[in-house]
Amino acid sequence: MGYFSDIYQGIKTLLTGMSITGKYFLTSRKGAITQQYPDNRDTLKMFERFRGEVIMPHNENNEHRCTGCQKCEIACPNGTIEIIWDKGIDETTGKNRKKIDQFIYHLSMCTMCGLCIDVCPTDAIKWGQNFENSVYDRTQLTRVLNNPESKLQAGVED
Amino acid sequence: MNLTLGIINNIHDWLFGVMPEGMAAIVEMILIALVYLGIFSVVGLFLVLMERRVAAWFQLRIGPNRVGFQGLLQTVADALKLVSKELTGTTKADKFLYNLAPYFVIISSLMALAVFPFTKDFQAFDINIGIFFLIAISSIGVIGILLGGWASNNKFALIGAMRSGVQTISYELSIGLSLLTMVLIAGSLQLSEIVEVQKNGWLIVQGHLPAIIAFMIFMISGTAETNRAPFDMVEAESELGAGFHTEYSGMKFAYFFLAEFINMFIIAAIATTVFFGGWLSPFGLTESIPWLGVFWFLSKTLVLVFLIMWFRWTFPRLRVDQLLTLEWKYLLPINLVNMVVMAFIVWLNLTIQF
């Protein structure tokens, strides 16, 4: 009689599955887990863990916190970050120190894994809140994160 | 309906007045074909939208709601995009068969629509072997799928097409036999006649137990016949890309897509006509207003379409061997026994009549 009990079990389990999805169908209007596209750009507050792009914050004196240690460049699994650096005399301390010339970030290769941000010892790079990254020209996806003429913030390296 | 019938009769008389008889008949046929083509391309677009919204609700999403009111124009925009796209093809494809395949699929599904009685007197072609015609026409579509898969010169497309062949040929048997069970109780193959019989209660009530079993078998094999999930190994996205229409683009792809949805509508419409009384209202509520039949027919059909969508978004995909086991070891024997039971019930007058 395995044949008939198989049919019974089959129909029973199918109906169980259909009742579960049926409940989802009826409650979906209230409990939708997706969100509408954020049209309210002025009042929009993005979420704390949102990952849009990697940015390098600068303070009001055009100073960043990147020492050019290249830990992020090593941590990146797909070569998204390139740091072009130079050695030079630091004006405040007078020592011969590593300085970044350009912090190059290829958004087109980034998988938003966040390893560079986790590994940064000085919190120089952070997640940006921009959610519209599409451009018409591919070269615009290669960005230099440090502003021109920017300097290392004093006291970061100590 | 009387008014529209009057208009149709006027057009008919005018056509036969200004032209010789053979010419007028041909023009009339072309006009009817164009009307059906217009109506059902819109119905197909609406069904695509319905599928997307229903799928979204089953998965706790919102679904397309930007273009037009509640996203009503979304599929129209998609269709416009598809029309304007380039028709690409593989260089080593068999050009003639490759271009022919979409027309086989779409023509076979549009031909089947001609025989449905949408309401009293609203039927393009009241043939006396209606059910037989439907079963025969629905098997032509698979030729288009096989041609498309073969002529694309693509391994995935060929595998998809071969799977479709296996599946459709197996499940056609179940569709035929379950409809034959209902023909036993209805006593006719003519669709308008089958609807007339149901004035004493829908056939699913008249035939009680065997009719319900036949309905279940019909819905299962109908889902398989239209190549929809859980029987969508033909276009299993995780295995074969898009299956037999991998190499098609633009309007040719749209034909395959539209044909799939019209086929789903046809399966639901056959089930409505044969099991749920076609355009008849429940308990004869609106029998005095015949044009409301269209409303009843469409609402019953849409409920069954929703049922097929419910299957799609609940059940996981079957393997090929499971698919064939289901057909040959379960559906077919049950169907044969069911037919004998139905014959006994009709013979001993055990049907429920109101």
# chains A, B, ... in the order shown; residues from 1 in each chain; ligands from 1
call {"tool": "interface_residues", "arguments": {"of": "chain A", "to": "chain B", "cutoff": "8 Å", "atoms": "only C-alpha atoms", "output": "VMD selection string"}}
result
chain A and resid 14 17 to 18 21 to 22 24 to 26 28 to 29 31 to 35
call {"tool": "residues_around", "arguments": {"residues": "B:Asn128", "least_positions_apart": "2", "cutoff": "12 Å", "atoms": "only C-alpha atoms", "output": "list in words"}}
result
Val115, Phe125, Asp126, Gly130, Ile131, Phe132, Phe133, Leu134, Gly187, Ser188, Leu189, Gln190, Leu191, Ser192, Glu193 and Ile194 of chain B
call {"tool": "atom_distance", "arguments": {"atom1": "atom CA of B:Ala242", "atom2": "atom CA of B:Ile266"}}
result
22.9 Å
call {"tool": "residues_around", "arguments": {"residues": "B:Asp94", "least_positions_apart": "4", "cutoff": "8 Å", "atoms": "only C-alpha atoms", "output": "PyMOL selection string"}}
result
chain B and resi 98+151-153
call {"tool": "write_last_selection", "arguments": {"atoms": "C-alpha atoms", "output": "compact mmCIF listing (two decimals), in the first residue's frame"}}
result
# COMPACT_ATOMS: atom_id res chain seq x y z
CA TYR B 98 15.31 29.79 -36.58
CA ALA B 151 18.00 25.78 -35.18
CA SER B 152 19.71 27.98 -32.57
CA ASN B 153 22.82 25.78 -32.77
call {"tool": "atom_distance", "arguments": {"atom1": "atom CA of A:Ile104", "atom2": "atom CA of A:Lys45"}}
result
27.7 Å
call {"tool": "closest_residue", "arguments": {"among": "B:Met339, B:Arg163, B:Leu113, B:Gln353", "to": "B:Ala268", "atoms": "only C-alpha atoms"}}
result
B:Leu113
call {"tool": "residues_around", "arguments": {"residues": "stretch 86-102 of chain A", "least_positions_apart": "3", "cutoff": "12 Å", "atoms": "only C-alpha atoms", "output": "PDB file with N, CA and C atoms, in the first residue's frame"}}
result
ATOM      1  N   MET A  56      36.779  59.009   1.452  1.00  0.00           N
ATOM      2  CA  MET A  56      37.804  59.418   2.415  1.00  0.00           C
ATOM      3  C   MET A  56      37.403  60.781   2.968  1.00  0.00           C
ATOM      4  N   HIS A  64      43.236  64.825   5.580  1.00  0.00           N
ATOM      5  CA  HIS A  64      42.681  63.468   5.699  1.00  0.00           C
ATOM      6  C   HIS A  64      43.492  62.707   6.743  1.00  0.00           C
ATOM      7  N   ARG A  65      43.098  61.450   7.005  1.00  0.00           N
ATOM      8  CA  ARG A  65      43.773  60.680   8.032  1.00  0.00           C
ATOM      9  C   ARG A  65      44.615  59.540   7.452  1.00  0.00           C
ATOM     10  N   CYS A  66      44.819  59.517   6.132  1.00  0.00           N
ATOM     11  CA  CYS A  66      45.511  58.382   5.518  1.00  0.00           C
ATOM     12  C   CYS A  66      47.022  58.559   5.604  1.00  0.00           C
ATOM     13  N   THR A  67      47.690  57.551   6.206  1.00  0.00           N
ATOM     14  CA  THR A  67      49.145  57.616   6.339  1.00  0.00           C
ATOM     15  C   THR A  67      49.853  56.941   5.179  1.00  0.00           C
ATOM     16  N   GLY A  68      49.086  56.319   4.293  1.00  0.00           N
ATOM     17  CA  GLY A  68      49.714  55.620   3.177  1.00  0.00           C
ATOM     18  C   GLY A  68      50.356  54.307   3.575  1.00  0.00           C
ATOM     19  N   CYS A  69      49.802  53.639   4.600  1.00  0.00           N
ATOM     20  CA  CYS A  69      50.401  52.378   5.041  1.00  0.00           C
ATOM     21  C   CYS A  69      50.123  51.236   4.084  1.00  0.00           C
ATOM     22  N   GLN A  70      49.176  51.389   3.173  1.00  0.00           N
ATOM     23  CA  GLN A  70      48.846  50.409   2.118  1.00  0.00           C
ATOM     24  C   GLN A  70      48.246  49.110   2.641  1.00  0.00           C
ATOM     25  N   ILE A  81      41.925  49.065  -4.923  1.00  0.00           N
ATOM     26  CA  ILE A  81      42.606  50.250  -4.392  1.00  0.00           C
ATOM     27  C   ILE A  81      44.056  50.270  -4.863  1.00  0.00           C
ATOM     28  N   GLU A  82      44.496  51.440  -5.337  1.00  0.00           N
ATOM     29  CA  GLU A  82      45.898  51.635  -5.689  1.00  0.00           C
ATOM     30  C   GLU A  82      46.364  52.892  -4.971  1.00  0.00           C
ATOM     31  N   ILE A  83      47.485  52.815  -4.271  1.00  0.00           N
ATOM     32  CA  ILE A  83      47.990  54.004  -3.602  1.00  0.00           C
ATOM     33  C   ILE A  83      49.318  54.396  -4.235  1.00  0.00           C
ATOM     34  N   TYR A 105      40.733  54.707  -6.353  1.00  0.00           N
ATOM     35  CA  TYR A 105      39.695  53.726  -6.004  1.00  0.00           C
ATOM     36  C   TYR A 105      38.902  53.414  -7.262  1.00  0.00           C
ATOM     37  N   THR A 142      36.656  55.421 -11.935  1.00  0.00           N
ATOM     38  CA  THR A 142      37.973  55.427 -11.299  1.00  0.00           C
ATOM     39  C   THR A 142      38.137  56.759 -10.587  1.00  0.00           C
ATOM     40  N   ARG A 143      38.181  56.734  -9.261  1.00  0.00           N
ATOM     41  CA  ARG A 143      38.158  57.988  -8.513  1.00  0.00           C
ATOM     42  C   ARG A 143      39.421  58.156  -7.701  1.00  0.00           C
ATOM     43  N   VAL A 144      39.840  59.411  -7.526  1.00  0.00           N
ATOM     44  CA  VAL A 144      40.933  59.740  -6.618  1.00  0.00           C
ATOM     45  C   VAL A 144      40.272  60.241  -5.345  1.00  0.00           C
ATOM     46  N   LEU A 145      40.488  59.523  -4.231  1.00  0.00           N
ATOM     47  CA  LEU A 145      39.707  59.825  -3.038  1.00  0.00           C
ATOM     48  C   LEU A 145      40.252  61.016  -2.260  1.00  0.00           C
ATOM     49  N   ASN A 146      41.591  61.205  -2.264  1.00  0.00           N
ATOM     50  CA  ASN A 146      42.098  62.347  -1.510  1.00  0.00           C
ATOM     51  C   ASN A 146      41.989  63.610  -2.350  1.00  0.00           C
ATOM     52  N   ASN A 147      41.551  64.715  -1.706  1.00  0.00           N
ATOM     53  CA  ASN A 147      41.384  65.974  -2.428  1.00  0.00           C
ATOM     54  C   ASN A 147      42.749  66.471  -2.890  1.00  0.00           C
ATOM     55  N   PRO A 148      42.778  67.259  -3.966  1.00  0.00           N
ATOM     56  CA  PRO A 148      44.059  67.856  -4.362  1.00  0.00           C
ATOM     57  C   PRO A 148      44.566  68.800  -3.266  1.00  0.00           C
ATOM     58  N   GLU A 149      45.871  68.804  -3.070  1.00  0.00           N
ATOM     59  CA  GLU A 149      46.536  69.665  -2.078  1.00  0.00           C
ATOM     60  C   GLU A 149      46.192  69.299  -0.642  1.00  0.00           C
ATOM     61  N   SER A 150      45.594  68.095  -0.438  1.00  0.00           N
ATOM     62  CA  SER A 150      45.239  67.733   0.932  1.00  0.00           C
ATOM     63  C   SER A 150      46.468  67.185   1.648  1.00  0.00           C
ATOM     64  N   LYS A 151      46.403  67.280   2.994  1.00  0.00           N
ATOM     65  CA  LYS A 151      47.546  66.862   3.805  1.00  0.00           C
ATOM     66  C   LYS A 151      47.107  65.857   4.846  1.00  0.00           C
ATOM     67  N   LEU A 152      48.082  65.236   5.462  1.00  0.00           N
ATOM     68  CA  LEU A 152      47.780  64.323   6.554  1.00  0.00           C
ATOM     69  C   LEU A 152      47.463  65.141   7.802  1.00  0.00           C
ATOM     70  N   GLN A 153      46.394  64.710   8.484  1.00  0.00           N
ATOM     71  CA  GLN A 153      46.006  65.396   9.707  1.00  0.00           C
ATOM     72  C   GLN A 153      47.092  65.187  10.769  1.00  0.00           C
ATOM     73  N   ALA A 154      47.417  66.228  11.513  1.00  0.00           N
ATOM     74  CA  ALA A 154      48.489  66.108  12.502  1.00  0.00           C
ATOM     75  C   ALA A 154      48.060  65.205  13.644  1.00  0.00           C
ATOM     76  N   GLY A 155      48.970  64.397  14.127  1.00  0.00           N
ATOM     77  CA  GLY A 155      48.680  63.564  15.285  1.00  0.00           C
ATOM     78  C   GLY A 155      48.134  62.201  14.951  1.00  0.00           C
ATOM     79  N   GLU A 157      49.557  59.927  13.026  1.00  0.00           N
ATOM     80  CA  GLU A 157      50.594  58.921  12.865  1.00  0.00           C
ATOM     81  C   GLU A 157      51.219  58.497  14.195  1.00  0.00           C
ATOM     82  N   ASP A 158      51.013  59.280  15.251  1.00  0.00           N
ATOM     83  CA  ASP A 158      51.689  58.965  16.514  1.00  0.00           C
ATOM     84  C   ASP A 158      50.983  57.850  17.289  1.00  0.00           C
TER      85      ASP A 158
END
call {"tool": "residues_around", "arguments": {"residues": "A:Leu107", "least_positions_apart": "4", "cutoff": "12 Å", "atoms": "only C-alpha atoms", "output": "PDB file with N, CA and C atoms, in the first residue's frame"}}
result
ATOM      1  N   GLY A  52      27.574  52.056  -0.004  1.00  0.00           N
ATOM      2  CA  GLY A  52      27.412  52.613  -1.350  1.00  0.00           C
ATOM      3  C   GLY A  52      28.721  52.673  -2.094  1.00  0.00           C
ATOM      4  N   GLU A  53      29.713  53.320  -1.514  1.00  0.00           N
ATOM      5  CA  GLU A  53      31.032  53.438  -2.128  1.00  0.00           C
ATOM      6  C   GLU A  53      32.005  53.785  -0.993  1.00  0.00           C
ATOM      7  N   VAL A  54      33.308  53.639  -1.265  1.00  0.00           N
ATOM      8  CA  VAL A  54      34.306  53.977  -0.251  1.00  0.00           C
ATOM      9  C   VAL A  54      34.652  55.451  -0.409  1.00  0.00           C
ATOM     10  N   ILE A  55      34.611  56.207   0.679  1.00  0.00           N
ATOM     11  CA  ILE A  55      34.981  57.616   0.608  1.00  0.00           C
ATOM     12  C   ILE A  55      36.073  57.889   1.639  1.00  0.00           C
ATOM     13  N   ASN A  78      40.430  42.159  -4.864  1.00  0.00           N
ATOM     14  CA  ASN A  78      40.412  42.253  -6.319  1.00  0.00           C
ATOM     15  C   ASN A  78      41.076  43.511  -6.848  1.00  0.00           C
ATOM     16  N   GLY A  79      42.025  44.048  -6.113  1.00  0.00           N
ATOM     17  CA  GLY A  79      42.824  45.151  -6.648  1.00  0.00           C
ATOM     18  C   GLY A  79      42.051  46.414  -6.920  1.00  0.00           C
ATOM     19  N   THR A  80      41.080  46.723  -6.084  1.00  0.00           N
ATOM     20  CA  THR A  80      40.285  47.915  -6.312  1.00  0.00           C
ATOM     21  C   THR A  80      41.051  49.185  -5.937  1.00  0.00           C
ATOM     22  N   ILE A  81      41.925  49.065  -4.923  1.00  0.00           N
ATOM     23  CA  ILE A  81      42.606  50.250  -4.392  1.00  0.00           C
ATOM     24  C   ILE A  81      44.056  50.270  -4.863  1.00  0.00           C
ATOM     25  N   GLU A  82      44.496  51.440  -5.337  1.00  0.00           N
ATOM     26  CA  GLU A  82      45.898  51.635  -5.689  1.00  0.00           C
ATOM     27  C   GLU A  82      46.364  52.892  -4.971  1.00  0.00           C
ATOM     28  N   THR A 111      33.633  45.106  -4.771  1.00  0.00           N
ATOM     29  CA  THR A 111      32.521  44.217  -4.428  1.00  0.00           C
ATOM     30  C   THR A 111      31.878  44.601  -3.110  1.00  0.00           C
ATOM     31  N   MET A 112      32.229  45.720  -2.543  1.00  0.00           N
ATOM     32  CA  MET A 112      31.657  46.214  -1.285  1.00  0.00           C
ATOM     33  C   MET A 112      31.857  45.223  -0.141  1.00  0.00           C
ATOM     34  N   GLY A 128      30.473  55.460   2.077  1.00  0.00           N
ATOM     35  CA  GLY A 128      29.673  56.611   1.669  1.00  0.00           C
ATOM     36  C   GLY A 128      28.205  56.237   1.605  1.00  0.00           C
ATOM     37  N   ASN A 133      25.161  55.143  -8.400  1.00  0.00           N
ATOM     38  CA  ASN A 133      26.530  55.116  -8.879  1.00  0.00           C
ATOM     39  C   ASN A 133      26.649  54.955 -10.379  1.00  0.00           C
ATOM     40  N   SER A 134      25.512  54.949 -11.100  1.00  0.00           N
ATOM     41  CA  SER A 134      25.628  54.692 -12.539  1.00  0.00           C
ATOM     42  C   SER A 134      26.076  55.955 -13.263  1.00  0.00           C
ATOM     43  N   VAL A 135      26.993  55.764 -14.226  1.00  0.00           N
ATOM     44  CA  VAL A 135      27.489  56.882 -15.022  1.00  0.00           C
ATOM     45  C   VAL A 135      27.496  56.446 -16.480  1.00  0.00           C
ATOM     46  N   ARG A 138      32.793  54.962 -18.395  1.00  0.00           N
ATOM     47  CA  ARG A 138      33.422  54.049 -17.458  1.00  0.00           C
ATOM     48  C   ARG A 138      34.579  54.696 -16.695  1.00  0.00           C
ATOM     49  N   THR A 139      35.237  55.684 -17.353  1.00  0.00           N
ATOM     50  CA  THR A 139      36.400  56.280 -16.690  1.00  0.00           C
ATOM     51  C   THR A 139      36.000  57.051 -15.438  1.00  0.00           C
ATOM     52  N   GLN A 140      34.709  57.460 -15.353  1.00  0.00           N
ATOM     53  CA  GLN A 140      34.279  58.195 -14.168  1.00  0.00           C
ATOM     54  C   GLN A 140      34.207  57.309 -12.934  1.00  0.00           C
ATOM     55  N   LEU A 141      34.298  55.981 -13.134  1.00  0.00           N
ATOM     56  CA  LEU A 141      34.238  55.084 -11.986  1.00  0.00           C
ATOM     57  C   LEU A 141      35.594  54.948 -11.302  1.00  0.00           C
ATOM     58  N   THR A 142      36.656  55.421 -11.935  1.00  0.00           N
ATOM     59  CA  THR A 142      37.973  55.427 -11.299  1.00  0.00           C
ATOM     60  C   THR A 142      38.137  56.759 -10.587  1.00  0.00           C
ATOM     61  N   ARG A 143      38.181  56.734  -9.261  1.00  0.00           N
ATOM     62  CA  ARG A 143      38.158  57.988  -8.513  1.00  0.00           C
ATOM     63  C   ARG A 143      39.421  58.156  -7.701  1.00  0.00           C
ATOM     64  N   VAL A 144      39.840  59.411  -7.526  1.00  0.00           N
ATOM     65  CA  VAL A 144      40.933  59.740  -6.618  1.00  0.00           C
ATOM     66  C   VAL A 144      40.272  60.241  -5.345  1.00  0.00           C
ATOM     67  N   LEU A 145      40.488  59.523  -4.231  1.00  0.00           N
ATOM     68  CA  LEU A 145      39.707  59.825  -3.038  1.00  0.00           C
ATOM     69  C   LEU A 145      40.252  61.016  -2.260  1.00  0.00           C
TER      70      LEU A 145
END
call {"tool": "select_by_dssp", "arguments": {"residues": "stretch 202-335 of chain B", "states": "alpha helix (DSSP H)", "output": "VMD selection string"}}
result
chain B and resid 203 to 206 208 to 225 237 to 240 250 to 275 292 to 312 320 to 325 332 to 335
call {"tool": "residues_around", "arguments": {"residues": "stretch 256-262 of chain B", "least_positions_apart": "3", "cutoff": "8 Å", "atoms": "only C-alpha atoms", "output": "list in words"}}
result
Phe40, Ser41, Val43, Gly44, Leu45, Leu47, Val48, Pro102, Val105, Ile106, Ser109, Leu110, Thr226, Asn227, His245, Lys252, Phe253, Phe265 and Ile266 of chain B
call {"tool": "residues_around", "arguments": {"residues": "B:Trp296", "least_positions_apart": "6", "cutoff": "7 Å", "atoms": "only C-alpha atoms", "output": "NGL selection string"}}
result
:B and (279-281)
call {"tool": "closest_residue", "arguments": {"among": "B:Thr301, B:Asn263, B:Asn200, B:Thr91", "to": "B:Ile107", "atoms": "only C-alpha atoms"}}
result
B:Asn263
